[in-house]
>>> print(open('coords.tsv').read())   # TSV, C-alpha atoms
chain	number	residue	atom	x	y	z
Q	106	MET	CA	-43.52	-11.14	29.48
Q	107	HIS	CA	-42.70	-14.74	30.26
Q	108	GLY	CA	-40.32	-17.32	28.88
Q	109	VAL	CA	-37.48	-14.96	27.88
Q	110	ALA	CA	-34.31	-17.03	28.05
Q	111	ILE	CA	-31.74	-14.53	26.77
Q	112	ARG	CA	-28.86	-13.87	29.10
Q	113	GLU	CA	-25.41	-12.34	29.00
Q	114	ALA	CA	-22.83	-14.87	27.84
Q	115	GLN	CA	-19.21	-14.96	28.92
Q	116	GLY	CA	-16.31	-14.98	26.48
Q	117	PRO	CA	-16.10	-13.97	22.82
Q	118	ALA	CA	-19.04	-14.35	20.45
Q	119	GLY	CA	-17.04	-16.72	18.25
Q	120	PRO	CA	-17.34	-17.19	14.48
Q	121	PRO	CA	-18.37	-15.52	12.29
Q	122	TRP	CA	-17.82	-12.43	14.47
Q	123	GLN	CA	-14.73	-13.23	16.48
Q	124	ARG	CA	-12.59	-16.00	15.09
Q	125	PRO	CA	-9.74	-16.94	17.40
Q	126	LEU	CA	-6.33	-16.49	15.83
Q	127	ARG	CA	-3.73	-19.26	15.89
Q	128	GLY	CA	-1.13	-16.51	15.76
Q	129	ALA	CA	-1.47	-13.08	17.40
Q	130	LEU	CA	-2.03	-9.50	16.31
Q	131	ASP	CA	-0.40	-6.65	18.22
Q	132	ALA	CA	-1.95	-3.21	17.72
Q	133	LEU	CA	0.79	-0.69	18.53
Q	134	VAL	CA	1.16	3.07	18.28
Q	135	VAL	CA	4.35	4.84	17.21
Q	136	GLU	CA	5.42	8.48	17.31
Q	137	SER	CA	7.29	9.40	14.14
Q	138	GLU	CA	10.02	12.00	14.10
Q	139	VAL	CA	10.25	12.25	10.32
Q	140	LEU	CA	6.49	12.86	9.93
Q	141	ALA	CA	6.47	15.65	12.50
Q	142	SER	CA	5.70	19.10	11.07
Q	143	ASN	CA	4.54	17.70	7.72
Q	144	ARG	CA	2.87	20.32	5.55
Q	145	LEU	CA	-0.54	18.67	5.71
Q	146	ALA	CA	-0.42	18.78	9.53
Q	147	ASP	CA	-1.28	15.08	9.57
Q	148	PRO	CA	-0.66	13.24	12.86
Q	149	PRO	CA	2.89	11.94	13.41
Q	150	ARG	CA	1.40	9.44	15.88
Q	151	ARG	CA	0.43	6.34	13.89
Q	152	PRO	CA	-0.97	2.88	14.52
Q	153	VAL	CA	1.01	-0.12	13.32
Q	154	TYR	CA	-0.26	-3.71	13.37
Q	155	VAL	CA	2.14	-6.60	13.85
Q	156	TYR	CA	0.99	-10.16	13.15
Q	157	ARG	CA	3.01	-12.98	14.72
Q	158	SER	CA	2.55	-16.42	13.20
Q	159	PRO	CA	1.83	-19.40	15.51
Q	160	GLY	CA	5.48	-20.44	15.82
Q	161	VAL	CA	6.51	-16.92	16.77
Q	162	VAL	CA	3.76	-16.80	19.41
Q	163	ALA	CA	5.03	-20.10	20.81
Q	164	GLY	CA	8.33	-18.37	21.48
Q	165	ALA	CA	10.57	-20.88	19.74
Q	166	ALA	CA	11.33	-18.68	16.76
Q	167	THR	CA	14.24	-16.30	16.25
Q	168	GLY	CA	15.72	-14.62	13.18
Q	169	MET	CA	12.31	-14.55	11.54
Q	170	PRO	CA	11.62	-13.26	8.04
Q	171	SER	CA	9.29	-10.25	7.94
Q	172	VAL	CA	6.88	-8.87	5.36
Q	173	TYR	CA	5.63	-5.28	5.39
Q	174	VAL	CA	2.14	-4.74	3.96
Q	175	LEU	CA	1.13	-1.37	2.46
Q	176	GLN	CA	-2.44	-0.12	2.10
Q	177	GLY	CA	-4.10	1.29	-1.00
Q	178	PHE	CA	-5.06	4.89	-1.74
Q	179	THR	CA	-7.32	6.42	0.96
Q	180	GLY	CA	-6.63	3.34	3.11
Q	181	GLN	CA	-5.89	3.27	6.82
Q	182	VAL	CA	-4.29	0.44	8.76
Q	183	ASP	CA	-7.54	-0.41	10.55
Q	184	HIS	CA	-9.10	-1.33	7.21
Q	185	TRP	CA	-7.33	-4.67	7.59
Q	186	LEU	CA	-9.83	-5.50	10.33
Q	187	CYS	CA	-12.88	-4.94	8.10
Q	188	ARG	CA	-14.93	-8.00	7.23
Q	189	PRO	CA	-16.10	-8.43	3.63
Q	190	THR	CA	-19.55	-9.95	3.18
Q	191	PHE	CA	-19.57	-13.65	4.16
Q	192	ASP	CA	-15.78	-13.68	4.33
Q	193	LEU	CA	-12.76	-13.57	6.59
Q	194	THR	CA	-11.02	-10.35	7.45
Q	195	PRO	CA	-7.58	-9.93	5.83
Q	196	ILE	CA	-5.94	-10.69	9.18
Q	197	GLU	CA	-8.00	-13.86	9.60
Q	198	ARG	CA	-7.09	-14.96	6.08
Q	199	LEU	CA	-3.41	-14.45	6.84
Q	200	ASP	CA	-3.75	-16.43	10.06
Q	201	ALA	CA	-5.53	-19.27	8.26
Q	202	MET	CA	-2.71	-19.38	5.70
Q	203	PHE	CA	-0.04	-19.79	8.38
Q	204	ALA	CA	-2.11	-22.50	10.08
Q	205	ASP	CA	-2.86	-24.46	6.89
Q	206	PRO	CA	-1.17	-27.90	7.13
Q	207	ASP	CA	-1.74	-28.64	3.43
Q	208	GLU	CA	0.34	-25.68	2.21
Q	209	PRO	CA	2.83	-25.03	5.00
Q	210	CYS	CA	4.49	-21.67	5.33
Q	211	PRO	CA	7.53	-20.89	7.47
Q	212	ASP	CA	6.85	-18.72	10.48
Q	213	ALA	CA	7.17	-14.98	10.00
Q	214	ILE	CA	6.21	-11.57	11.26
Q	215	VAL	CA	3.88	-9.48	9.08
Q	216	VAL	CA	3.76	-5.72	9.64
Q	217	TYR	CA	0.85	-3.55	8.49
Q	218	VAL	CA	2.08	0.00	7.94
Q	219	ASP	CA	-0.11	3.12	8.00
Q	220	ALA	CA	0.85	5.85	5.51
Q	221	TRP	CA	-2.51	7.64	5.46
Q	222	THR	CA	-2.63	11.32	4.60
Q	223	SER	CA	-5.51	13.80	4.65
Q	224	ILE	CA	-5.41	13.88	0.84
Q	225	GLY	CA	-5.66	10.10	0.58
Q	226	GLY	CA	-2.13	8.77	0.58
Q	227	SER	CA	1.57	9.31	0.10
Q	228	GLN	CA	2.53	6.71	-2.56
Q	229	PHE	CA	5.15	5.79	0.09
Q	230	LEU	CA	7.53	8.45	-1.25
Q	231	ASN	CA	9.26	11.41	0.33
Q	232	SER	CA	7.57	14.63	-0.73
Q	233	SER	CA	7.70	18.20	0.51
Q	234	ALA	CA	3.92	18.34	-0.04
Q	235	THR	CA	2.96	15.31	2.08
Q	236	GLY	CA	5.89	14.19	4.25
Q	237	ARG	CA	8.81	11.80	4.37
Q	238	TYR	CA	6.90	8.53	4.09
Q	239	LEU	CA	9.72	6.59	2.43
Q	240	ASP	CA	11.99	7.45	5.36
Q	241	TYR	CA	9.18	6.75	7.83
Q	242	LEU	CA	8.81	3.22	6.47
Q	243	CYS	CA	12.44	2.34	5.81
Q	244	ASP	CA	14.27	4.14	8.62
Q	245	GLU	CA	11.73	4.30	11.44
Q	246	ILE	CA	9.19	1.47	11.19
Q	247	VAL	CA	11.67	-1.21	10.12
Q	248	GLU	CA	14.10	-0.33	12.91
Q	249	PHE	CA	11.24	-0.19	15.42
Q	250	ILE	CA	10.09	-3.70	14.45
Q	251	ASP	CA	13.60	-5.18	14.42
Q	252	ASP	CA	14.23	-3.77	17.91
Q	253	ARG	CA	11.07	-5.33	19.39
Q	254	TYR	CA	10.47	-8.59	17.54
Q	255	PRO	CA	12.62	-11.65	16.74
Q	256	THR	CA	13.13	-10.62	13.13
Q	257	ALA	CA	16.28	-11.07	11.12
Q	258	ALA	CA	17.57	-7.52	10.68
Q	259	ASP	CA	18.69	-8.28	7.14
Q	260	ARG	CA	17.28	-7.05	3.82
Q	261	GLY	CA	17.58	-10.60	2.51
Q	262	ARG	CA	15.01	-11.71	5.09
Q	263	ARG	CA	12.65	-8.74	4.63
Q	264	GLY	CA	9.87	-8.35	2.03
Q	265	ILE	CA	7.15	-5.88	1.11
Q	266	ALA	CA	3.67	-6.30	-0.41
Q	267	GLY	CA	0.67	-4.21	-1.34
Q	268	HIS	CA	-2.28	-3.58	-3.65
Q	269	SER	CA	-3.00	-0.57	-5.89
Q	270	SER	CA	-1.11	2.39	-4.36
Q	271	GLY	CA	0.29	-0.12	-1.88
Q	272	GLY	CA	1.35	-2.24	-4.84
Q	273	TYR	CA	3.06	0.82	-6.27
Q	274	GLY	CA	4.95	1.24	-3.01
Q	275	ALA	CA	5.85	-2.44	-3.03
Q	276	MET	CA	7.44	-2.01	-6.47
Q	277	VAL	CA	9.26	1.28	-6.02
Q	278	VAL	CA	10.42	1.16	-2.39
Q	279	PRO	CA	12.73	-1.84	-3.00
Q	280	MET	CA	14.12	-0.06	-6.06
Q	281	LEU	CA	14.81	3.09	-4.06
Q	282	ARG	CA	15.93	1.29	-0.89
Q	283	PRO	CA	17.30	-2.15	-1.79
Q	284	ASP	CA	19.33	-1.95	1.41
Q	285	VAL	CA	16.07	-2.47	3.33
Q	286	PHE	CA	13.92	-4.90	1.28
Q	287	GLY	CA	14.92	-8.05	-0.56
Q	288	ALA	CA	11.61	-9.31	-1.97
Q	289	LEU	CA	8.35	-7.80	-3.21
Q	290	ALA	CA	4.78	-8.67	-4.15
Q	291	SER	CA	2.55	-6.22	-6.01
Q	292	HIS	CA	-1.15	-6.69	-6.68
Q	293	ALA	CA	-2.23	-4.31	-9.48
Q	294	GLY	CA	0.20	-1.62	-8.41
Q	295	ASP	CA	0.10	1.77	-10.13
Q	296	ALA	CA	2.26	1.44	-13.24
Q	297	LEU	CA	2.37	2.47	-16.90
Q	298	PHE	CA	1.19	5.95	-16.00
Q	299	GLU	CA	-0.11	6.93	-19.44
Q	300	VAL	CA	-2.63	4.10	-19.15
Q	301	ALA	CA	-3.33	4.30	-15.40
Q	302	TYR	CA	-3.58	8.08	-14.97
Q	303	LEU	CA	-3.65	10.08	-18.18
Q	304	ARG	CA	-7.16	9.11	-19.24
Q	305	GLU	CA	-8.57	10.40	-15.91
Q	306	PHE	CA	-7.16	13.92	-16.20
Q	307	PRO	CA	-10.04	15.44	-18.24
Q	308	SER	CA	-12.74	14.30	-15.82
Q	309	ALA	CA	-10.69	15.59	-12.88
Q	310	VAL	CA	-10.32	19.03	-14.44
Q	311	ARG	CA	-14.01	19.12	-15.35
Q	312	SER	CA	-14.93	18.12	-11.79
Q	313	LEU	CA	-12.86	20.97	-10.38
Q	314	ARG	CA	-14.55	23.40	-12.77
Q	315	ASP	CA	-18.12	22.23	-12.15
Q	316	HIS	CA	-18.02	21.57	-8.38
Q	317	PHE	CA	-15.35	23.92	-7.04
Q	318	ASP	CA	-15.37	26.95	-9.36
Q	319	GLY	CA	-12.10	25.78	-10.88
Q	320	SER	CA	-10.26	26.55	-7.65
Q	321	VAL	CA	-7.84	24.13	-5.99
Q	322	GLU	CA	-8.08	26.18	-2.79
Q	323	THR	CA	-11.88	25.83	-2.77
Q	324	PHE	CA	-11.57	22.10	-3.35
Q	325	LEU	CA	-9.17	21.63	-0.43
Q	326	HIS	CA	-11.27	23.80	1.87
Q	327	GLU	CA	-14.47	21.92	1.10
Q	328	LEU	CA	-12.72	18.54	1.35
Q	329	ARG	CA	-11.51	19.37	4.86
Q	330	ALA	CA	-14.88	20.84	5.90
Q	331	ALA	CA	-17.08	18.02	4.54
Q	332	ASP	CA	-18.91	15.91	7.11
Q	333	HIS	CA	-18.65	12.84	4.85
Q	334	PHE	CA	-16.60	11.85	1.83
Q	335	ASP	CA	-18.68	12.00	-1.36
Q	336	TYR	CA	-16.59	10.19	-3.95
Q	337	GLY	CA	-18.64	11.49	-6.85
Q	338	ARG	CA	-17.90	15.05	-5.75
Q	339	PHE	CA	-14.36	14.80	-4.39
Q	340	GLY	CA	-12.90	11.63	-5.87
Q	341	PRO	CA	-11.94	12.61	-9.44
Q	342	PHE	CA	-9.85	15.65	-8.53
Q	343	LEU	CA	-8.56	14.18	-5.26
Q	344	ASN	CA	-6.74	11.41	-7.11
Q	345	LEU	CA	-5.09	13.89	-9.49
Q	346	TYR	CA	-4.09	16.24	-6.69
Q	347	ALA	CA	-2.76	13.52	-4.39
Q	348	MET	CA	-0.67	11.93	-7.12
Q	349	ALA	CA	0.73	15.37	-8.01
Q	350	ALA	CA	1.63	15.86	-4.34
Q	351	ALA	CA	3.68	12.66	-4.54
Q	352	TYR	CA	5.17	12.97	-8.03
Q	353	SER	CA	5.40	16.73	-8.70
Q	354	PRO	CA	5.60	18.75	-5.48
Q	355	ASP	CA	6.62	22.36	-6.03
Q	356	PRO	CA	10.39	22.60	-5.40
Q	357	ASP	CA	10.05	26.35	-4.75
Q	358	ASP	CA	7.11	26.11	-2.34
Q	359	ARG	CA	7.36	23.57	0.46
Q	360	GLY	CA	3.88	22.13	0.65
Q	361	GLY	CA	2.97	23.30	-2.84
Q	362	VAL	CA	1.83	21.03	-5.65
Q	363	ILE	CA	2.31	21.40	-9.42
Q	364	LEU	CA	-0.45	19.79	-11.46
Q	365	PRO	CA	0.45	18.00	-14.71
Q	366	VAL	CA	-2.36	19.82	-16.51
Q	367	GLU	CA	-3.26	23.44	-17.12
Q	368	LEU	CA	-6.40	24.85	-15.54
Q	369	PRO	CA	-9.08	25.29	-16.69
Q	370	THR	CA	-8.37	23.66	-20.07
Q	371	GLY	CA	-6.83	20.36	-19.00
Q	372	ARG	CA	-4.00	20.74	-21.49
Q	373	LEU	CA	-1.08	18.50	-20.56
Q	374	ARG	CA	2.00	20.21	-19.14
Q	375	ASP	CA	4.74	18.18	-20.77
Q	376	ASP	CA	7.48	19.19	-18.34
Q	377	VAL	CA	5.44	18.21	-15.28
Q	378	TRP	CA	4.18	15.02	-16.90
Q	379	ALA	CA	7.81	14.09	-17.50
Q	380	ARG	CA	8.38	14.36	-13.74
Q	381	TRP	CA	5.50	11.94	-13.18
Q	382	LEU	CA	6.96	9.46	-15.65
Q	383	GLU	CA	10.23	9.43	-13.72
Q	384	HIS	CA	8.22	7.79	-10.89
Q	385	ASP	CA	6.56	5.18	-13.13
Q	386	PRO	CA	7.80	1.70	-12.10
Q	387	VAL	CA	7.91	0.70	-15.77
Q	388	ARG	CA	10.35	3.54	-16.48
Q	389	MET	CA	12.21	3.14	-13.19
Q	390	ALA	CA	13.06	-0.51	-13.75
Q	391	ALA	CA	16.01	0.03	-16.10
Q	392	ARG	CA	17.54	2.64	-13.77
Q	393	HIS	CA	17.32	0.22	-10.85
Q	394	ALA	CA	18.06	-3.04	-12.65
Q	395	ASP	CA	20.73	-4.15	-10.17
Q	396	ALA	CA	18.39	-3.62	-7.23
Q	397	LEU	CA	15.67	-5.64	-8.95
Q	398	ARG	CA	18.07	-8.44	-9.84
Q	399	SER	CA	19.06	-8.64	-6.17
Q	400	MET	CA	15.50	-9.44	-5.05
Q	401	ARG	CA	15.03	-12.96	-3.70
Q	402	ARG	CA	11.42	-13.04	-4.96
Q	403	ILE	CA	9.25	-10.80	-7.13
Q	404	TYR	CA	5.59	-11.71	-7.41
Q	405	LEU	CA	3.15	-9.70	-9.58
Q	406	ASP	CA	-0.52	-10.19	-10.30
Q	407	ALA	CA	-3.62	-8.28	-11.44
Q	408	GLY	CA	-7.21	-8.91	-12.41
Q	409	ARG	CA	-7.85	-9.18	-16.15
Q	410	SER	CA	-10.68	-6.64	-15.88
Q	411	ASP	CA	-8.94	-4.16	-13.59
Q	412	ASP	CA	-11.01	-0.95	-13.55
Q	413	TYR	CA	-7.90	1.24	-13.90
Q	414	TYR	CA	-6.14	-0.97	-16.47
Q	415	LEU	CA	-3.46	-1.80	-13.93
Q	416	ASP	CA	-3.38	-5.29	-15.39
Q	417	LEU	CA	-1.68	-3.62	-18.36
Q	418	GLY	CA	0.66	-1.80	-15.98
Q	419	ALA	CA	1.60	-5.07	-14.29
Q	420	GLN	CA	2.10	-6.66	-17.69
Q	421	ALA	CA	4.34	-3.78	-18.80
Q	422	PHE	CA	6.38	-3.95	-15.60
Q	423	SER	CA	6.75	-7.71	-16.06
Q	424	ALA	CA	7.93	-7.17	-19.64
Q	425	GLU	CA	10.56	-4.68	-18.43
Q	426	LEU	CA	11.77	-7.15	-15.81
Q	427	ALA	CA	12.04	-9.87	-18.44
Q	428	LYS	CA	14.01	-7.53	-20.72
Q	429	LEU	CA	16.41	-6.82	-17.84
Q	430	GLY	CA	16.82	-10.49	-16.98
Q	431	VAL	CA	15.06	-10.15	-13.62
Q	432	GLU	CA	13.48	-13.36	-12.36
Q	433	HIS	CA	9.85	-12.92	-11.33
Q	434	THR	CA	6.37	-14.40	-11.47
Q	435	PHE	CA	3.45	-12.66	-13.17
Q	436	GLU	CA	-0.13	-13.89	-13.06
Q	437	LEU	CA	-3.39	-12.56	-14.49
Q	438	PHE	CA	-6.56	-13.78	-12.82
Q	439	ASP	CA	-10.27	-13.30	-13.44
Q	440	GLY	CA	-11.18	-10.23	-11.43
Q	441	ARG	CA	-11.32	-6.46	-11.23
Q	442	HIS	CA	-9.43	-3.92	-9.14
Q	443	GLY	CA	-11.31	-4.40	-5.89
Q	444	GLY	CA	-12.19	-7.53	-3.97
Q	445	VAL	CA	-8.72	-9.04	-4.26
Q	446	GLY	CA	-7.93	-9.40	-0.56
Q	447	TYR	CA	-7.97	-13.16	-0.94
Q	448	ARG	CA	-4.84	-12.86	-3.09
Q	449	TYR	CA	-2.66	-11.49	-0.27
Q	450	PRO	CA	-1.98	-14.68	1.73
Q	451	GLY	CA	-0.68	-16.61	-1.26
Q	452	ALA	CA	1.67	-13.79	-2.22
Q	453	ILE	CA	2.90	-13.41	1.35
Q	454	ARG	CA	3.52	-17.16	1.46
Q	455	GLU	CA	5.64	-16.86	-1.69
Q	456	LEU	CA	7.69	-14.07	-0.11
Q	457	VAL	CA	8.12	-15.83	3.22
Q	458	ARG	CA	9.25	-19.07	1.60
Q	459	ALA	CA	11.88	-17.19	-0.40
Q	460	LEU	CA	13.00	-15.09	2.57
Q	461	ALA	CA	13.22	-18.08	4.91
Q	462	GLY	CA	15.20	-20.20	2.45
>>> encode(input="coords.tsv", output="structure tokens")
Amino acid sequence: MHGVAIREAQGPAGPPWQRPLRGALDALVVESEVLASNRLADPPRRPVYVYRSPGVVAGAATGMPSVYVLQGFTGQVDHWLCRPTFDLTPIERLDAMFADPDEPCPDAIVVYVDAWTSIGGSQFLNSSATGRYLDYLCDEIVEFIDDRYPTAADRGRRGIAGHSSGGYGAMVVPMLRPDVFGALASHAGDALFEVAYLREFPSAVRSLRDHFDGSVETFLHELRAADHFDYGRFGPFLNLYAMAAAYSPDPDDRGGVILPVELPTGRLRDDVWARWLEHDPVRMAARHADALRSMRRIYLDAGRSDDYYLDLGAQAFSAELAKLGVEHTFELFDGRHGGVGYRYPGAIRELVRALAG
């Protein structure tokens, strides 16, 4: 064969595959003490990504604001490197935001936290069924970052953001630990539980009956043994079980979970459902009004056609904040639950501007 001119090239492929960052991304690994011996036997060794904006990379920055980004349900930290069709990765979008001369943003450090569990997530809470993920975030990761990067070790210079379950964490973690975080941004975070969750209970119970002989033990065994994740088979009950692990772990059985419905009928267990509602950001707001009023910035948004009606949850949370006299911004946009990664940079800019001021 003649005339073949292909050859090995030196250096990166360049756009659209490898876009050079103006800032820098550090991919680190931490060994958590508080996640050791968790009941799911999930790894205590975790990746953590740390983005440094261009000014931080240049070395002239100290006392930087920081924003911690939480992933959604079933997410892992490496999902932030995935490229949507014809689009930038979330990290590239963040980098472009910091480098945009038309809408300048103060320099900052952005930390991507991994709170994955083998049942899909932790809701960033402490639970005997999943592990101490609130402590992992607030007491281990934050201290680790402050020790190694030029951040301001001050809750007034530290924010948190996320989408879906990550948005839930972004709402509730600052309420539970206002000593750690002083600003928040939530994109369609889980809220108004009777709208977000209750309507899915019947299909979850039916799925357990039809696919797993009505047995939670069979479900968990098959989930762990499956060679791929079939959402149609596992998804409906997984969401119910994972949320119960976060909101209603069994206080008498470390590692146990109490479902908010009876099996096999699906009848609501009012006492357990009441435990869930105690974790609803809409209900939590009044109990943590002082913490919310102390936030330097609260930014909320959601798509008008959110598949899980979390636009209504965001609207209800916003209404509670308004009732409590808590300053915040709430925006509805044309969109659904997924495909909202482009919303992150603007929200992070809002947090950084408030935290740097």
>>> closest_atom_pairs(input="coords.tsv", of="segment 155-236 of chain Q", to="segment 279-288 of chain Q", cutoff="10 Å", atoms="only C-alpha atoms", output="Markdown table")
| residue | atom | partner | partner_atom | distance |
| --- | --- | --- | --- | --- |
| Q:Ser171 | CA | Q:Phe286 | CA | 9.7 |
| Q:Val172 | CA | Q:Ala288 | CA | 8.7 |
| Q:Tyr173 | CA | Q:Phe286 | CA | 9.3 |
| Q:Leu230 | CA | Q:Leu281 | CA | 9.5 |
>>> residues_around(input="coords.tsv", residues="segment 223-226 of chain Q", least_positions_apart="2", cutoff="7 Å", atoms="all atoms listed in the file", output="number ranges by chain")
Q: 147, 178-179, 220-221, 228, 343, 347
>>> residues_around(input="coords.tsv", residues="Glu248 of chain Q", least_positions_apart="4", cutoff="12 Å", atoms="all atoms listed in the file", output="ChimeraX atom specification")
/Q:135,137,240-244,252-254,256-260,263,285
>>> closest_residue(input="coords.tsv", among="Q:Arg372, Q:Lys428, Q:His268, Q:Arg458", to="Asp416 of chain Q", atoms="all atoms listed in the file")
Q:His268
>>> closest_residue(input="coords.tsv", among="Q:Ala234, Q:Ile363, Q:Ala166, Q:Met400", to="Leu289 of chain Q", atoms="only C-alpha atoms")
Q:Met400
>>> atom_distance(input="coords.tsv", atom1="atom CA of Gly294 of chain Q", atom2="atom CA of Gly267 of chain Q")
7.5 Å
>>> atom_distance(input="coords.tsv", atom1="atom CA of Val362 of chain Q", atom2="atom CA of Val247 of chain Q")
29.0 Å
>>> closest_residue(input="coords.tsv", among="Q:Arg392, Q:Arg338, Q:His442, Q:His184", to="Ala301 of chain Q", atoms="all atoms listed in the file")
Q:His442
>>> residues_near_point(input="coords.tsv", point="(-10.9, 23.7, -19.2)", cutoff="8 Å", atoms="all atoms listed in the file", output="ChimeraX atom specification")
/Q:310-311,314,367-372
>>> closest_residue(input="coords.tsv", among="Q:Phe203, Q:Phe334, Q:Phe422, Q:Tyr414", to="Val457 of chain Q", atoms="all atoms listed in the file")
Q:Phe203
>>> closest_residue(input="coords.tsv", among="Q:Ala396, Q:Ile453, Q:Ala331, Q:Leu239", to="Ala213 of chain Q", atoms="all atoms listed in the file")
Q:Ile453
